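Following: one structure in structure tokens, then a few remarks.
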Amino acid sequence: MSPVAEPTTATRTPLHVTGELLATKKVGAYRHLTLVAPGVPERFRPGNFVAVSIGAPGSDTTRLARRAFWIHQVKPVGGYGPTLQLVVEPTGPGSQWLASLAPGARLEVTGPLGRPFALPKEPVSCLLVGEGYAAAPLFPLAERLRERGCAVNLLVAGADEAHLLSALEARRSARAVTVVTRDGSVGLRGEVADVVDDVLGRSQAAVVYAAGPLATLHAVAVAAEAHGAWSQTAVEQPLTCATGLCQGCPVPVVGEDGVARRVRACADGPVLRGDRVRWAELLGEAGEPR
Ligand SMILES: Cc1cc2nc3c(=O)[nH]c(=O)nc-3n(C[C@H](O)[C@H](O)[C@H](O)COP(=O)(O)OP(=O)(O)OC[C@H]3O[C@@H](n4cnc5c(N)ncnc54)[C@H](O)[C@@H]3O)c2cc1C
Ligand code: FES
């Protein structure tokens with residue numbers, strides 16, 4: 001029987017609201033944004049994301065498709081009540097535009113979206129594996145797991161020091177933290193795939209949560225299965241509508257009934273059971289993982 005309680009999304013209808021950017025801060029390679037988005041933080045669960053409209057209306061910065069961002073934290077700020085924190089890596093037009101905004105900017109935000117992480121029914125040992133900005137949803141998850149009496153172990157990875165998300169905060173959130181960078185500038189040199197087996201063995205985790213590039217999620221799912229642990233993987237696919245309507249974000253899986261099918265990353269995921277995803281097919285379709 002599954003040790004985790006599968007979440008339902010039905011009771012938490014997402015909202016579409018006009019938000020306001022309260023604060024923005026550069027941390028390493030990322031820009032941390034604090035947003036007021038009335039009603040969205042109250043509905044949030046770890047693993048949810050928001051879709052943000054890009055560009056000033058009527059200008060050439062506008063993009064048709066909204067862009068997806070993990071909710072990193074929900075924190076009360078002054079008289080504003082709960083606010084959302086997002087972590088943006090400025091890579092393309094949308095993320096660069098968001099990262100360039102000044103406090104006071106208005107933003108159209110839809111959320112919280114997606115199926116969140118399932119939480120263990122019992123207080124068990126958990127391993128949380130996050131790479132780059134995608135480690136963002138694991139920090140509020142760590143908080144929830146600790147509240148439930150779970151032992152939290154973290155494996156945080158990035159290309160280099162600048163791409164390690166909140167490594168110091170990670171040390172406060174977890175019983176044990178392992179840091180891996182591709183260039184060896186902090187922690188162990190290498191990739192998640194090089195160390196996850198060892199870390200999993202030491203943590204004796206019953207449930208493994210992972211967020212990062214597809215190849216990393218695949219490596220974690222394989223290691224979890226080898227150790228007899230359950231895995232929950234936060235699968236990022238390019239999203240068009242982000243709300244389940246367009247069917248444009250298919251993920252190949254094997255259903256509960258053992259039948260191969262495709263589910264929508266944005267609405268049936270992004271968090272999916274690692275042992276249900278058909279990784280070879282997904283990685284083949286995605287081409288080179290980012
Ligand atoms: C559920 C979810 C949560 C996300 N959370 C964050 C976050 O917290 N912080 C963050 O910086 N980014 C996050 N992303 C990724 C971000 O939404 C995309 O990179 C987005 O396209 C950025 O917009 P852009 O206009 O800057 O770049 P674009 O011009 O849209 O994209 C640049 C390139 O990346 C490709 N691409 C776009 N989205 C994806 C994707 N999801 N996977 C693989 N390739 C893609 C595009 O085809 C293009 O080639 C998340 C994505 C998803 C699906
Ligand atoms: S992006 Fe439209 S259904 Fe997922």
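Letters for chains follow the order of the structure tokens (A, B, ...), residue numbers begin at 1 for each chain, and ligand numbers begin at 1 in the order shown.
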For the contact check between chain A and ligand 2, emit one row per residue of chain A within 10 Å, containing the shortest atom pair and the distance in Å rounded to one decimal, counting only C-alpha atoms and all ligand atoms, chain then rising number order, as a Markdown table.
| residue | atom | partner | partner_atom_place_in_ligand_line | distance |
| --- | --- | --- | --- | --- |
| A:Ala65 | CA | ligand 2 | 1 (S) | 9.5 |
| A:Arg66 | CA | ligand 2 | 1 (S) | 9.8 |
| A:Ala68 | CA | ligand 2 | 1 (S) | 9.9 |
| A:Gly114 | CA | ligand 2 | 4 (Fe) | 9.5 |
| A:Gln237 | CA | ligand 2 | 1 (S) | 8.3 |
| A:Pro238 | CA | ligand 2 | 1 (S) | 7.2 |
| A:Leu239 | CA | ligand 2 | 1 (S) | 3.9 |
| A:Thr240 | CA | ligand 2 | 1 (S) | 4.1 |
| A:Cys241 | CA | ligand 2 | 2 (Fe) | 4.0 |
| A:Ala242 | CA | ligand 2 | 1 (S) | 4.0 |
| A:Thr243 | CA | ligand 2 | 2 (Fe) | 5.7 |
| A:Gly244 | CA | ligand 2 | 3 (S) | 3.4 |
| A:Leu245 | CA | ligand 2 | 3 (S) | 4.6 |
| A:Cys246 | CA | ligand 2 | 2 (Fe) | 3.8 |
| A:Gln247 | CA | ligand 2 | 3 (S) | 3.7 |
| A:Gly248 | CA | ligand 2 | 2 (Fe) | 4.7 |
| A:Cys249 | CA | ligand 2 | 4 (Fe) | 4.5 |
| A:Pro250 | CA | ligand 2 | 4 (Fe) | 7.2 |
| A:Val251 | CA | ligand 2 | 4 (Fe) | 9.7 |
| A:Val263 | CA | ligand 2 | 4 (Fe) | 8.9 |
| A:Arg264 | CA | ligand 2 | 4 (Fe) | 5.2 |
| A:Ala265 | CA | ligand 2 | 4 (Fe) | 5.7 |
| A:Cys266 | CA | ligand 2 | 4 (Fe) | 4.4 |
| A:Ala267 | CA | ligand 2 | 4 (Fe) | 6.3 |
| A:Asp268 | CA | ligand 2 | 4 (Fe) | 8.7 |
| A:Gly269 | CA | ligand 2 | 4 (Fe) | 9.1 |
| A:Pro270 | CA | ligand 2 | 4 (Fe) | 9.5 |
Produce a file of the selected residues containing C-alpha atoms, as a PDB file, in the first residue's frame.
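This went into again_5.pdb:
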ATOM      1  CA  ALA A  65       1.668  32.090 -23.349  1.00  0.00           C
ATOM      2  CA  ARG A  66       1.958  32.624 -19.635  1.00  0.00           C
ATOM      3  CA  ALA A  68       5.132  28.828 -15.046  1.00  0.00           C
ATOM      4  CA  GLY A 114      -1.092  21.606 -10.496  1.00  0.00           C
ATOM      5  CA  GLN A 237       7.187  20.305 -19.427  1.00  0.00           C
ATOM      6  CA  PRO A 238       6.812  23.388 -21.624  1.00  0.00           C
ATOM      7  CA  LEU A 239       3.280  24.600 -20.864  1.00  0.00           C
ATOM      8  CA  THR A 240       0.903  26.404 -23.199  1.00  0.00           C
ATOM      9  CA  CYS A 241      -2.299  27.005 -21.218  1.00  0.00           C
ATOM     10  CA  ALA A 242      -1.013  25.632 -17.856  1.00  0.00           C
ATOM     11  CA  THR A 243      -4.591  24.925 -16.764  1.00  0.00           C
ATOM     12  CA  GLY A 244      -5.363  21.530 -18.326  1.00  0.00           C
ATOM     13  CA  LEU A 245      -7.360  22.753 -21.332  1.00  0.00           C
ATOM     14  CA  CYS A 246      -5.091  22.447 -24.371  1.00  0.00           C
ATOM     15  CA  GLN A 247      -3.613  18.926 -23.849  1.00  0.00           C
ATOM     16  CA  GLY A 248      -0.291  20.449 -24.925  1.00  0.00           C
ATOM     17  CA  CYS A 249       1.901  19.037 -22.146  1.00  0.00           C
ATOM     18  CA  PRO A 250       1.645  15.234 -22.428  1.00  0.00           C
ATOM     19  CA  VAL A 251       3.687  12.998 -20.134  1.00  0.00           C
ATOM     20  CA  VAL A 263      -1.402  12.608 -18.735  1.00  0.00           C
ATOM     21  CA  ARG A 264      -1.221  16.400 -18.650  1.00  0.00           C
ATOM     22  CA  ALA A 265       1.865  17.729 -16.856  1.00  0.00           C
ATOM     23  CA  CYS A 266       0.071  20.897 -15.742  1.00  0.00           C
ATOM     24  CA  ALA A 267      -3.139  19.385 -14.345  1.00  0.00           C
ATOM     25  CA  ASP A 268      -2.510  15.671 -13.635  1.00  0.00           C
ATOM     26  CA  GLY A 269       1.042  16.653 -12.577  1.00  0.00           C
ATOM     27  CA  PRO A 270       3.430  18.318 -12.316  1.00  0.00           C
TER      28      PRO A 270
END
Counting only C-alpha atoms and all ligand atoms, name the residues that have an atom within 8 Å of an atom of ligand 1; the answer should be given as a PyMOL selection string.
chain A and resi 30+48-50+54+63+67-72+86-97+114+133-134+136-137+234-239+242+265-266+270+286+289-290
How would the residues just chosen look if you wrote them out with C-alpha atoms as a short mmCIF file (atom, residue, chain, number, x, y, z; two decimals), in the first residue's frame?
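Just written: part.cif:
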data_model
loop_
_atom_site.label_atom_id
_atom_site.label_comp_id
_atom_site.auth_asym_id
_atom_site.auth_seq_id
_atom_site.Cartn_x
_atom_site.Cartn_y
_atom_site.Cartn_z
CA TYR A 30 18.36 33.96 -9.57
CA ASN A 48 1.95 23.97 -6.75
CA PHE A 49 3.00 26.57 -9.29
CA VAL A 50 1.64 29.82 -10.69
CA ILE A 54 4.38 38.28 -19.51
CA ARG A 63 3.89 37.10 -24.86
CA ARG A 67 5.10 31.31 -17.93
CA ALA A 68 5.13 28.83 -15.05
CA PHE A 69 7.01 29.33 -11.77
CA TRP A 70 7.15 27.15 -8.65
CA ILE A 71 5.87 28.70 -5.45
CA HIS A 72 8.99 28.81 -3.29
CA LEU A 86 9.06 32.97 -6.66
CA VAL A 87 12.57 32.20 -7.88
CA VAL A 88 13.24 33.30 -11.45
CA GLU A 89 16.22 32.31 -13.55
CA PRO A 90 16.39 34.90 -16.31
CA THR A 91 16.91 32.78 -19.42
CA GLY A 92 14.37 33.80 -22.10
CA PRO A 93 12.20 36.85 -22.82
CA GLY A 94 9.57 36.12 -20.15
CA SER A 95 11.86 35.36 -17.24
CA GLN A 96 14.15 38.29 -18.17
CA TRP A 97 11.18 40.64 -18.23
CA GLY A 114 -1.09 21.61 -10.50
CA TYR A 133 15.74 26.85 -9.39
CA ALA A 134 13.58 23.71 -9.38
CA ALA A 136 12.18 25.95 -4.94
CA PRO A 137 9.10 23.87 -4.03
CA ALA A 234 7.94 17.25 -10.16
CA VAL A 235 7.95 17.02 -13.96
CA GLU A 236 8.49 20.28 -15.88
CA GLN A 237 7.19 20.30 -19.43
CA PRO A 238 6.81 23.39 -21.62
CA LEU A 239 3.28 24.60 -20.86
CA ALA A 242 -1.01 25.63 -17.86
CA ALA A 265 1.87 17.73 -16.86
CA CYS A 266 0.07 20.90 -15.74
CA PRO A 270 3.43 18.32 -12.32
CA ALA A 286 12.18 16.17 -24.75
CA PRO A 289 17.34 17.84 -21.09
CA ARG A 290 17.82 21.45 -19.99
#
Would you return as a PyMOL selection string the members of region 114-173 of chain A that DSSP assigns to alpha helix (DSSP H) on this structure's backbone?
chain A and resi 138-147+167-173
Counting only C-alpha atoms, which residue out of A:Val271, A:Val259, A:Val180, A:Leu141 sits closest to Pro116 (chain A)?
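Smallest separation from Pro116 (chain A) among the options: A:Val271.
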Could you produce a table of the residues of region 215-284 of chain A lying within 8 Å of region 196-200 of chain A, with the nearest pair of atoms per residue and their separation in Å rounded to one decimal, using only C-alpha atoms, ordered by chain and increasing residue number, as a tab-separated table?
residue	atom	partner	partner_atom	distance
A:Ala219	CA	A:Val196	CA	7.9
A:Val220	CA	A:Val196	CA	6.6
A:Ala223	CA	A:Asp197	CA	5.6
A:Ala224	CA	A:Leu200	CA	7.5
A:His227	CA	A:Leu200	CA	7.5
Find the residue from A:Leu84, A:Ala135, A:Ala157, A:Ala170 that sits nearest to Asp194 (chain A); use only C-alpha atoms when measuring.
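Of A:Leu84, A:Ala135, A:Ala157, A:Ala170, the one nearest Asp194 (chain A) is A:Ala157, counting only C-alpha atoms.
Atom to atom, CA of Ala260 (chain A) and CA of Trp279 (chain A) stand 12.2 Å apart.
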Name the residues of region 16-239 of chain A that fall into strand (DSSP E) according to DSSP on the backbone, using the chain letters and numbers of this document, as a VMD selection string.
chain A and resid 16 to 27 30 to 36 49 to 54 63 to 70 73 to 76 82 to 88 106 to 113 119 to 120 125 to 131 151 to 158 176 to 181 188 to 189 207 to 211 230 to 234
Those same residues - C-alpha atoms - I'd like them written as a short mmCIF file (atom, residue, chain, number, x, y, z; two decimals), in the first residue's frame.
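Final file, again_37.cif:
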data_model
loop_
_atom_site.label_atom_id
_atom_site.label_comp_id
_atom_site.auth_asym_id
_atom_site.auth_seq_id
_atom_site.Cartn_x
_atom_site.Cartn_y
_atom_site.Cartn_z
CA HIS A 16 -6.79 34.52 -11.60
CA VAL A 17 -5.78 37.73 -9.86
CA THR A 18 -3.91 40.96 -10.46
CA GLY A 19 -0.92 40.83 -8.17
CA GLU A 20 1.66 43.36 -7.13
CA LEU A 21 5.40 42.93 -6.91
CA LEU A 22 6.43 43.91 -3.38
CA ALA A 23 10.14 43.19 -3.43
CA THR A 24 12.81 41.79 -5.70
CA LYS A 25 16.28 40.57 -4.79
CA LYS A 26 19.15 39.06 -6.77
CA VAL A 27 20.56 35.94 -5.13
CA TYR A 30 18.36 33.96 -9.57
CA ARG A 31 15.95 36.78 -8.88
CA HIS A 32 13.69 36.21 -5.86
CA LEU A 33 10.31 37.95 -6.26
CA THR A 34 7.86 38.62 -3.43
CA LEU A 35 4.30 39.06 -4.71
CA VAL A 36 0.95 39.99 -3.29
CA PHE A 49 3.00 26.57 -9.29
CA VAL A 50 1.64 29.82 -10.69
CA ALA A 51 1.32 30.97 -14.32
CA VAL A 52 2.28 34.60 -14.89
CA SER A 53 1.33 36.78 -17.86
CA ILE A 54 4.38 38.28 -19.51
CA ARG A 63 3.89 37.10 -24.86
CA LEU A 64 0.76 35.07 -25.55
CA ALA A 65 1.67 32.09 -23.35
CA ARG A 66 1.96 32.62 -19.64
CA ARG A 67 5.10 31.31 -17.93
CA ALA A 68 5.13 28.83 -15.05
CA PHE A 69 7.01 29.33 -11.77
CA TRP A 70 7.15 27.15 -8.65
CA GLN A 73 7.57 30.21 -0.06
CA VAL A 74 4.42 31.67 1.40
CA LYS A 75 5.25 34.29 4.00
CA PRO A 76 3.35 37.06 5.76
CA PRO A 82 0.55 36.04 3.12
CA THR A 83 2.71 36.72 0.05
CA LEU A 84 4.19 34.44 -2.60
CA GLN A 85 7.88 34.06 -3.21
CA LEU A 86 9.06 32.97 -6.66
CA VAL A 87 12.57 32.20 -7.88
CA VAL A 88 13.24 33.30 -11.45
CA ARG A 106 1.33 44.84 -11.51
CA LEU A 107 1.24 41.18 -12.60
CA GLU A 108 -1.53 38.88 -13.81
CA VAL A 109 -1.18 35.64 -11.84
CA THR A 110 -3.12 32.37 -12.05
CA GLY A 111 -2.74 29.81 -9.30
CA PRO A 112 -2.08 27.81 -7.39
CA LEU A 113 -1.93 25.28 -10.25
CA LEU A 119 2.58 13.72 2.04
CA PRO A 120 3.42 10.55 4.00
CA SER A 125 12.41 9.42 6.78
CA CYS A 126 12.26 11.45 3.53
CA LEU A 127 14.86 12.52 1.00
CA LEU A 128 14.27 15.75 -0.97
CA VAL A 129 16.37 16.19 -4.12
CA GLY A 130 16.39 19.56 -5.87
CA GLU A 131 18.47 20.93 -8.73
CA ALA A 151 13.07 13.21 9.22
CA VAL A 152 14.05 15.47 6.32
CA ASN A 153 17.23 14.86 4.34
CA LEU A 154 18.13 17.22 1.50
CA LEU A 155 20.26 16.79 -1.61
CA VAL A 156 20.72 20.18 -3.29
CA ALA A 157 22.43 20.43 -6.66
CA GLY A 158 23.40 23.10 -9.19
CA ALA A 176 21.26 16.15 6.80
CA VAL A 177 22.21 18.14 3.70
CA THR A 178 24.34 17.00 0.77
CA VAL A 179 25.45 19.61 -1.76
CA VAL A 180 26.62 18.74 -5.27
CA THR A 181 27.87 21.13 -7.95
CA LEU A 188 30.83 17.30 -3.98
CA ARG A 189 31.74 17.60 -7.65
CA VAL A 207 9.77 8.49 0.34
CA VAL A 208 11.91 10.49 -2.10
CA TYR A 209 10.80 13.84 -3.55
CA ALA A 210 12.59 15.27 -6.58
CA ALA A 211 12.46 18.48 -8.63
CA TRP A 230 8.42 5.67 -3.15
CA SER A 231 9.30 8.58 -5.40
CA GLN A 232 7.38 11.74 -6.22
CA THR A 233 8.84 13.66 -9.16
CA ALA A 234 7.94 17.25 -10.16
#
Just give me the gap between CA of Glu225 (chain A) and CA of Ala205 (chain A) in Å, one decimal is fine.
11.5 Å
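Residue nearest Gly258 (chain A), chosen from A:Ala215, A:Thr62, A:Pro123, A:Arg276 and counting only C-alpha atoms: A:Arg276.
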Restricting the calculation to only C-alpha atoms, which member of A:Asp60, A:Arg278, A:Leu165, A:Ala118 is positioned closest to Gly212 (chain A)?
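Smallest separation from Gly212 (chain A) among the options: A:Leu165.
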What gap, in Å, lies between CA of Ser173 (chain A) and CA of Leu138 (chain A)?
10.0 Å
Between A:Val40, A:Val277, A:Val186, A:Val195, which is the closest to Ala159 (chain A) once you count only C-alpha atoms?
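The shortest atom-to-atom distance to Ala159 (chain A) comes from A:Val186.
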